[in-house]
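*Asks:* Quick one: the structure is below, questions incoming.
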Amino acid sequence: MKLLRYGPRGQEKPGLLDNEGRVRDLSGVIADLAGPALEPEGIARLKALDPASLPAVEGRPQDGLRLGPCVGSIGKFICIGLNYADHAAETGADIPKEPIIFNKWTSSIVGPDDDVELPRGSLKTDWEVELGVVIGKGGKYIEEQDALSHVAGYCVVNDVSEREYQIERGGTWDKGKGCDTFGPTGPWLVTPDEVSDVDSLGMWLEVDGRRYQDGSTSTMIFRVPELIAYVSRFMSLQPGDVISTGTPPGVGMGQKPPVYLKGGEVMRLGIEGLGVQTQKVVSAK
């Protein structure tokens, strides 16, 4: 099942994608794709619906019909740094002994095809295609062998990053990670039954048609169950929390010489079976 949120920014409604690629409205069934709707009982209720019984939404998704972030009211946007062995190598960093945790502020979250804004004075804004894990069943001190039962689904995340703010301006990574629009999320929340092997998903990112990232979740250092269990040691997880699990090589910082976004570019990125995002890079308003 592919779940989504559609409509104008701030007025998104919940929906699902039917087998013909049309959006079906879920607003008569749930208020939003958030919180209780993402718990196992809520997902089971949605799976039991006949899509043909739901109202069809006019327009094609991502082709005239705007999609919002695929999860509403995200409580925590948790990210994992340097979690791909080949990405760590391109940055010259050592393989982490434990997962590196940082946060993106929820004000960074936008739809999969919304514009990405360069912060005022930005010199080193970069891209990162990442696998997002959406929590369905909450908990803390989750055992690794039980971790996947806590997953509502998976999605594409672009972990946009301002490297000067992140690395050169003091403090933690969060400063360069949570700027407005730095968290495009979606297009769909894909339930685990539609993801054949989360440990072997192809993922890619292009800027103005040039492919920079072309990797796979197979090079993750810490896998999804381990990440869920690890994060839950330090904070309780609630339905609708998102864990963004790191990026493969090919980021702008890793190019020789480095390449950063200047404005006017178009980023296009995707993960096998999880959909595609397209963002235009613009100056901050």
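Here, A, B, ... name the chains of the structure tokens in the order displayed, residue numbers run from 1 inside each chain, and ligands are numbered from 1 in the same displayed order.
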Pick out the residues sitting within 12 Å of Pro248 of chain A, and hand them over as JSON, numbers by chain; count only C-alpha atoms, and ignore anything fewer than 6 positions along from it in its own chain.

*Replies:* {"A": [81, 82, 83, 84, 85, 86, 87, 88, 89, 90, 91, 127, 128, 129, 130, 131, 158, 159, 201, 202, 203, 204, 205, 212, 213, 214, 215, 216, 217, 218, 219, 220, 221, 254, 271]}

*Asks:* So that I can check the secondary structure, give me every residue of segment 142-192 of chain A assigned alpha helix (DSSP H) by backbone DSSP, as a list in words.

*Replies:*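 Listing alpha helix (DSSP H) positions across segment 142-192 of chain A yields Arg163, Asp174, Lys175, Gly176 and Lys177 of chain A.
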
*Asks:* Segment 49-63 of chain A: which residues within 6 Å, counting only C-alpha atoms, same-chain residues fewer than 5 positions away excluded, as a PyMOL selection string?

*Replies:* chain A and resi 23-25

*Asks:* Counting only C-alpha atoms, which residues in segment 187-247 of chain A sit no more than 10 Å from segment 102-120 of chain A? For each one, give the nearest pair of atoms and the distance in Å, sorted by chain then residue number, as JSON lines.

*Replies:*
{"residue": "A:Pro187", "atom": "CA", "partner": "A:Pro112", "partner_atom": "CA", "distance": 5.4}
{"residue": "A:Trp188", "atom": "CA", "partner": "A:Pro112", "partner_atom": "CA", "distance": 9.0}
{"residue": "A:Ile243", "atom": "CA", "partner": "A:Asn103", "partner_atom": "CA", "distance": 9.3}
{"residue": "A:Ser244", "atom": "CA", "partner": "A:Asn103", "partner_atom": "CA", "distance": 9.4}

*Asks:* Please, could you write that set of residues out with N, CA, C and O atoms as a compact mmCIF listing (two decimals), in the first residue's frame?

*Replies:*
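This went into part_34.txt:
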# COMPACT_ATOMS: atom_id res chain seq x y z
N PRO A 187 7.48 10.69 -2.13
CA PRO A 187 6.06 11.03 -2.28
C PRO A 187 5.09 10.15 -1.51
O PRO A 187 4.02 10.60 -1.12
N TRP A 188 5.46 8.88 -1.30
CA TRP A 188 4.54 7.96 -0.64
C TRP A 188 5.15 7.42 0.64
O TRP A 188 6.38 7.32 0.76
N ILE A 243 12.85 8.32 11.01
CA ILE A 243 14.30 8.14 11.12
C ILE A 243 14.86 8.13 9.70
O ILE A 243 14.51 7.26 8.90
N SER A 244 15.71 9.10 9.40
CA SER A 244 16.38 9.15 8.10
C SER A 244 17.75 8.51 8.26
O SER A 244 18.54 8.91 9.11

*Asks:* So which bits of segment 56-115 of chain A end up strand (DSSP E) when you DSSP the backbone, as a PDB file with N, CA and C atoms, in the first residue's frame?

*Replies:*
ATOM      1  N   ARG A  60      -3.392  14.004 -11.549  1.00  0.00           N
ATOM      2  CA  ARG A  60      -2.408  12.945 -11.366  1.00  0.00           C
ATOM      3  C   ARG A  60      -1.377  13.397 -10.342  1.00  0.00           C
ATOM      4  N   PRO A  61      -1.034  12.513  -9.422  1.00  0.00           N
ATOM      5  CA  PRO A  61      -0.040  12.907  -8.417  1.00  0.00           C
ATOM      6  C   PRO A  61       1.300  13.243  -9.048  1.00  0.00           C
ATOM      7  N   GLY A  64       0.566  17.936 -11.654  1.00  0.00           N
ATOM      8  CA  GLY A  64      -0.549  18.852 -11.490  1.00  0.00           C
ATOM      9  C   GLY A  64      -1.220  18.741 -10.141  1.00  0.00           C
ATOM     10  N   LEU A  65      -1.145  17.583  -9.500  1.00  0.00           N
ATOM     11  CA  LEU A  65      -1.686  17.400  -8.159  1.00  0.00           C
ATOM     12  C   LEU A  65      -0.529  17.386  -7.176  1.00  0.00           C
ATOM     13  N   PHE A  77      12.125  14.200  13.811  1.00  0.00           N
ATOM     14  CA  PHE A  77      12.776  13.926  12.528  1.00  0.00           C
ATOM     15  C   PHE A  77      14.230  13.624  12.875  1.00  0.00           C
ATOM     16  N   ILE A  78      14.504  12.338  13.066  1.00  0.00           N
ATOM     17  CA  ILE A  78      15.788  11.862  13.590  1.00  0.00           C
ATOM     18  C   ILE A  78      16.652  11.394  12.422  1.00  0.00           C
ATOM     19  N   CYS A  79      17.906  11.784  12.397  1.00  0.00           N
ATOM     20  CA  CYS A  79      18.782  11.430  11.279  1.00  0.00           C
ATOM     21  C   CYS A  79      20.029  10.705  11.775  1.00  0.00           C
ATOM     22  N   ILE A  80      20.566   9.874  10.903  1.00  0.00           N
ATOM     23  CA  ILE A  80      21.771   9.103  11.201  1.00  0.00           C
ATOM     24  C   ILE A  80      22.879   9.560  10.256  1.00  0.00           C
ATOM     25  N   GLY A  81      24.024   9.922  10.819  1.00  0.00           N
ATOM     26  CA  GLY A  81      25.133  10.419  10.015  1.00  0.00           C
ATOM     27  C   GLY A  81      26.157   9.349   9.691  1.00  0.00           C
ATOM     28  N   ILE A 100      25.681   7.727  14.612  1.00  0.00           N
ATOM     29  CA  ILE A 100      25.705   9.167  14.884  1.00  0.00           C
ATOM     30  C   ILE A 100      24.286   9.691  14.722  1.00  0.00           C
ATOM     31  N   ILE A 101      23.760  10.325  15.767  1.00  0.00           N
ATOM     32  CA  ILE A 101      22.386  10.827  15.748  1.00  0.00           C
ATOM     33  C   ILE A 101      22.399  12.349  15.711  1.00  0.00           C
ATOM     34  N   PHE A 102      21.594  12.924  14.804  1.00  0.00           N
ATOM     35  CA  PHE A 102      21.325  14.358  14.831  1.00  0.00           C
ATOM     36  C   PHE A 102      19.860  14.554  14.440  1.00  0.00           C
ATOM     37  N   ASN A 103      19.417  15.792  14.446  1.00  0.00           N
ATOM     38  CA  ASN A 103      18.008  16.075  14.179  1.00  0.00           C
ATOM     39  C   ASN A 103      17.843  17.075  13.045  1.00  0.00           C
ATOM     40  N   ILE A 109      10.397  20.326   7.065  1.00  0.00           N
ATOM     41  CA  ILE A 109       9.689  19.305   6.287  1.00  0.00           C
ATOM     42  C   ILE A 109       8.806  19.943   5.224  1.00  0.00           C
ATOM     43  N   VAL A 110       8.970  19.484   3.997  1.00  0.00           N
ATOM     44  CA  VAL A 110       8.146  19.939   2.869  1.00  0.00           C
ATOM     45  C   VAL A 110       7.775  18.725   2.027  1.00  0.00           C
TER      46      VAL A 110
END

*Asks:* Please report the interatomic distance between atom CA of Gln277 of chain A and atom CA of Gly186 of chain A in Å with one decimal.

*Replies:* 7.3 Å

*Asks:* What is the atom CA of Cys70 of chain A-atom CA of Ala31 of chain A distance in Å, reported with one decimal?

*Replies:* 13.7 Å

*Asks:* Identify which of the residues A:Gly209, A:Gly246, A:Gly92, A:Pro192 lies closest to Ser149 of chain A, counting only C-alpha atoms when measuring atom-to-atom distances.

*Replies:*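 The shortest atom-to-atom distance to Ser149 of chain A comes from A:Pro192.
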
*Asks:* Set the distance at 12 Å and use only C-alpha atoms: which residues neighbour Glu265 of chain A once local chain neighbours fewer than 2 positions away are removed? I'd like the list as number ranges by chain.

*Replies:* A: 115-118, 125-127, 206-210, 260-263, 267-268, 278-283

*Asks:* Write to file, as a compact mmCIF listing (two decimals), in the first residue's frame, the residues of the selection just made, with N, CA, C and O atoms.

*Replies:*
# COMPACT_ATOMS: atom_id res chain seq x y z
N ASP A 115 9.81 23.48 -3.64
CA ASP A 115 11.12 24.12 -3.81
C ASP A 115 11.97 23.94 -2.56
O ASP A 115 11.47 23.91 -1.44
N VAL A 116 13.27 23.84 -2.77
CA VAL A 116 14.26 23.89 -1.69
C VAL A 116 14.89 25.27 -1.70
O VAL A 116 15.39 25.73 -2.73
N GLU A 117 14.85 25.94 -0.55
CA GLU A 117 15.37 27.29 -0.44
C GLU A 117 16.79 27.31 0.08
O GLU A 117 17.10 26.69 1.10
N LEU A 118 17.66 28.03 -0.62
CA LEU A 118 19.01 28.28 -0.10
C LEU A 118 18.92 29.31 1.02
O LEU A 118 18.36 30.39 0.82
N THR A 125 25.46 24.53 0.28
CA THR A 125 24.28 23.68 0.42
C THR A 125 24.43 22.45 -0.46
O THR A 125 24.79 22.53 -1.64
N ASP A 126 24.13 21.29 0.11
CA ASP A 126 24.43 19.98 -0.47
C ASP A 126 23.16 19.12 -0.46
O ASP A 126 22.14 19.49 0.11
N TRP A 127 23.25 17.96 -1.07
CA TRP A 127 22.12 17.04 -1.22
C TRP A 127 22.47 15.68 -0.59
O TRP A 127 23.63 15.32 -0.49
N GLU A 206 20.15 13.08 -8.92
CA GLU A 206 20.69 13.85 -10.04
C GLU A 206 20.51 15.34 -9.79
O GLU A 206 19.52 15.76 -9.17
N VAL A 207 21.44 16.14 -10.26
CA VAL A 207 21.33 17.59 -10.26
C VAL A 207 21.45 18.05 -11.71
O VAL A 207 22.46 17.78 -12.38
N ASP A 208 20.39 18.69 -12.20
CA ASP A 208 20.35 19.14 -13.59
C ASP A 208 20.69 18.01 -14.56
O ASP A 208 21.42 18.19 -15.54
N GLY A 209 20.18 16.83 -14.27
CA GLY A 209 20.35 15.68 -15.15
C GLY A 209 21.63 14.92 -14.99
O GLY A 209 21.79 13.83 -15.57
N ARG A 210 22.56 15.42 -14.18
CA ARG A 210 23.81 14.70 -13.94
C ARG A 210 23.66 13.85 -12.69
O ARG A 210 23.30 14.35 -11.63
N TYR A 260 28.52 22.61 -4.94
CA TYR A 260 27.40 22.97 -4.08
C TYR A 260 26.31 23.66 -4.88
O TYR A 260 26.54 24.17 -5.99
N LEU A 261 25.12 23.69 -4.31
CA LEU A 261 23.97 24.30 -4.97
C LEU A 261 24.06 25.82 -4.90
O LEU A 261 24.33 26.39 -3.84
N LYS A 262 23.83 26.47 -6.02
CA LYS A 262 23.93 27.92 -6.11
C LYS A 262 22.58 28.59 -6.33
O LYS A 262 22.43 29.80 -6.18
N GLY A 263 21.58 27.83 -6.71
CA GLY A 263 20.26 28.37 -7.04
C GLY A 263 19.95 28.17 -8.51
O GLY A 263 20.81 28.33 -9.37
N MET A 267 16.94 19.27 -8.56
CA MET A 267 17.36 17.98 -8.01
C MET A 267 16.25 16.95 -8.29
O MET A 267 15.07 17.25 -8.12
N ARG A 268 16.68 15.77 -8.69
CA ARG A 268 15.74 14.66 -8.89
C ARG A 268 16.36 13.44 -8.22
O ARG A 268 17.54 13.14 -8.43
N THR A 278 11.30 15.61 -7.00
CA THR A 278 11.91 16.63 -7.88
C THR A 278 11.79 17.98 -7.21
O THR A 278 10.68 18.40 -6.86
N GLN A 279 12.92 18.65 -6.99
CA GLN A 279 12.89 19.98 -6.34
C GLN A 279 13.70 20.99 -7.13
O GLN A 279 14.82 20.68 -7.58
N LYS A 280 13.16 22.17 -7.26
CA LYS A 280 13.91 23.30 -7.80
C LYS A 280 14.57 24.03 -6.64
O LYS A 280 13.97 24.19 -5.56
N VAL A 281 15.81 24.45 -6.83
CA VAL A 281 16.55 25.17 -5.80
C VAL A 281 16.36 26.67 -6.04
O VAL A 281 16.63 27.19 -7.12
N VAL A 282 15.88 27.37 -5.01
CA VAL A 282 15.59 28.80 -5.12
C VAL A 282 16.24 29.53 -3.96
O VAL A 282 16.69 28.93 -2.99
N SER A 283 16.29 30.85 -4.05
CA SER A 283 16.83 31.67 -2.96
C SER A 283 15.76 31.82 -1.88
O SER A 283 14.56 31.82 -2.16

*Asks:* Could you tell me how far atom CA of Lys76 of chain A sits from atom CA of Leu26 of chain A, in Å to one decimal place?

*Replies:*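 Computed distance, atom CA of Leu26 of chain A to atom CA of Lys76 of chain A, equals 24.1 Å.
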
*Asks:* Measuring between only C-alpha atoms, which one of A:Leu269, A:Ala93, A:Leu4, A:Ile135 shows the shortest distance to Gly35 of chain A?

*Replies:*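 Of A:Leu269, A:Ala93, A:Leu4, A:Ile135, the one nearest Gly35 of chain A, counting only C-alpha atoms, is A:Ile135.
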
*Asks:* With a distance cut-off of 9 Å and only C-alpha atoms, select the neighbouring residues of Ser236 of chain A, excluding the residue or stretch itself and same-chain residues fewer than 5 positions from it, and output the selection as a ChimeraX atom specification.

*Replies:* /A:138-141,231

*Asks:* Write out the residues from the selection above, keeping all heavy atoms, as a CSV table (one decimal), in the first residue's frame.

*Replies:*
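Final file, again-v1.csv:
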chain,number,residue,atom,x,y,z
A,138,GLY,N,4.8,2.8,18.7
A,138,GLY,CA,5.8,3.4,19.6
A,138,GLY,C,6.5,2.5,20.5
A,138,GLY,O,6.1,1.3,20.7
A,139,GLY,N,7.5,3.1,21.3
A,139,GLY,CA,8.1,2.3,22.3
A,139,GLY,C,9.5,2.8,22.6
A,139,GLY,O,10.0,3.7,22.0
A,140,LYS,N,10.1,2.3,23.7
A,140,LYS,CA,11.4,2.6,24.1
A,140,LYS,C,12.1,1.3,24.5
A,140,LYS,O,11.5,0.3,24.8
A,140,LYS,CB,11.5,3.6,25.2
A,140,LYS,CG,10.7,3.3,26.5
A,140,LYS,CD,10.8,4.4,27.4
A,140,LYS,CE,10.0,4.1,28.7
A,140,LYS,NZ,10.1,5.2,29.7
A,141,TYR,N,13.4,1.3,24.5
A,141,TYR,CA,14.2,0.1,24.7
A,141,TYR,C,13.7,-1.0,23.9
A,141,TYR,O,13.5,-2.2,24.4
A,141,TYR,CB,14.2,-0.2,26.2
A,141,TYR,CG,14.7,0.9,27.1
A,141,TYR,CD1,13.9,1.6,27.9
A,141,TYR,CD2,16.1,1.4,27.0
A,141,TYR,CE1,14.3,2.7,28.7
A,141,TYR,CE2,16.5,2.4,27.7
A,141,TYR,CZ,15.7,3.1,28.6
A,141,TYR,OH,16.1,4.1,29.3
A,231,VAL,N,18.3,4.0,18.6
A,231,VAL,CA,17.7,5.3,18.9
A,231,VAL,C,16.7,5.2,20.1
A,231,VAL,O,16.7,6.1,20.9
A,231,VAL,CB,16.9,5.8,17.6
A,231,VAL,CG1,16.1,7.0,17.9
A,231,VAL,CG2,17.9,6.1,16.5

*Asks:* Please determine, counting only C-alpha atoms, which residue among A:Lys13, A:Lys97, A:Glu226, A:Gly270 has the shortest atom-to-atom distance to Pro184 of chain A.

*Replies:* A:Gly270

*Asks:* Considering only C-alpha atoms, return as a list of chain:residue names whatever protein or nucleic-acid residues lie within 8 Å of Gly176 of chain A, sequence-local ones (same chain, fewer than 3 positions apart) excluded.

*Replies:*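 The neighbour list is A:Ser161, A:Glu162, A:Arg163, A:Glu164, A:Tyr165, A:Gln166, A:Ile167, A:Trp173, A:Cys179.
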
*Asks:* Need the shell around Tyr6 of chain A: protein/DNA/RNA residues with any atom at most 6 Å away, counting only C-alpha atoms. Skip same-chain ones fewer than 2 positions apart. Format as a ChimeraX atom specification?

*Replies:* /A:12-13,66-68
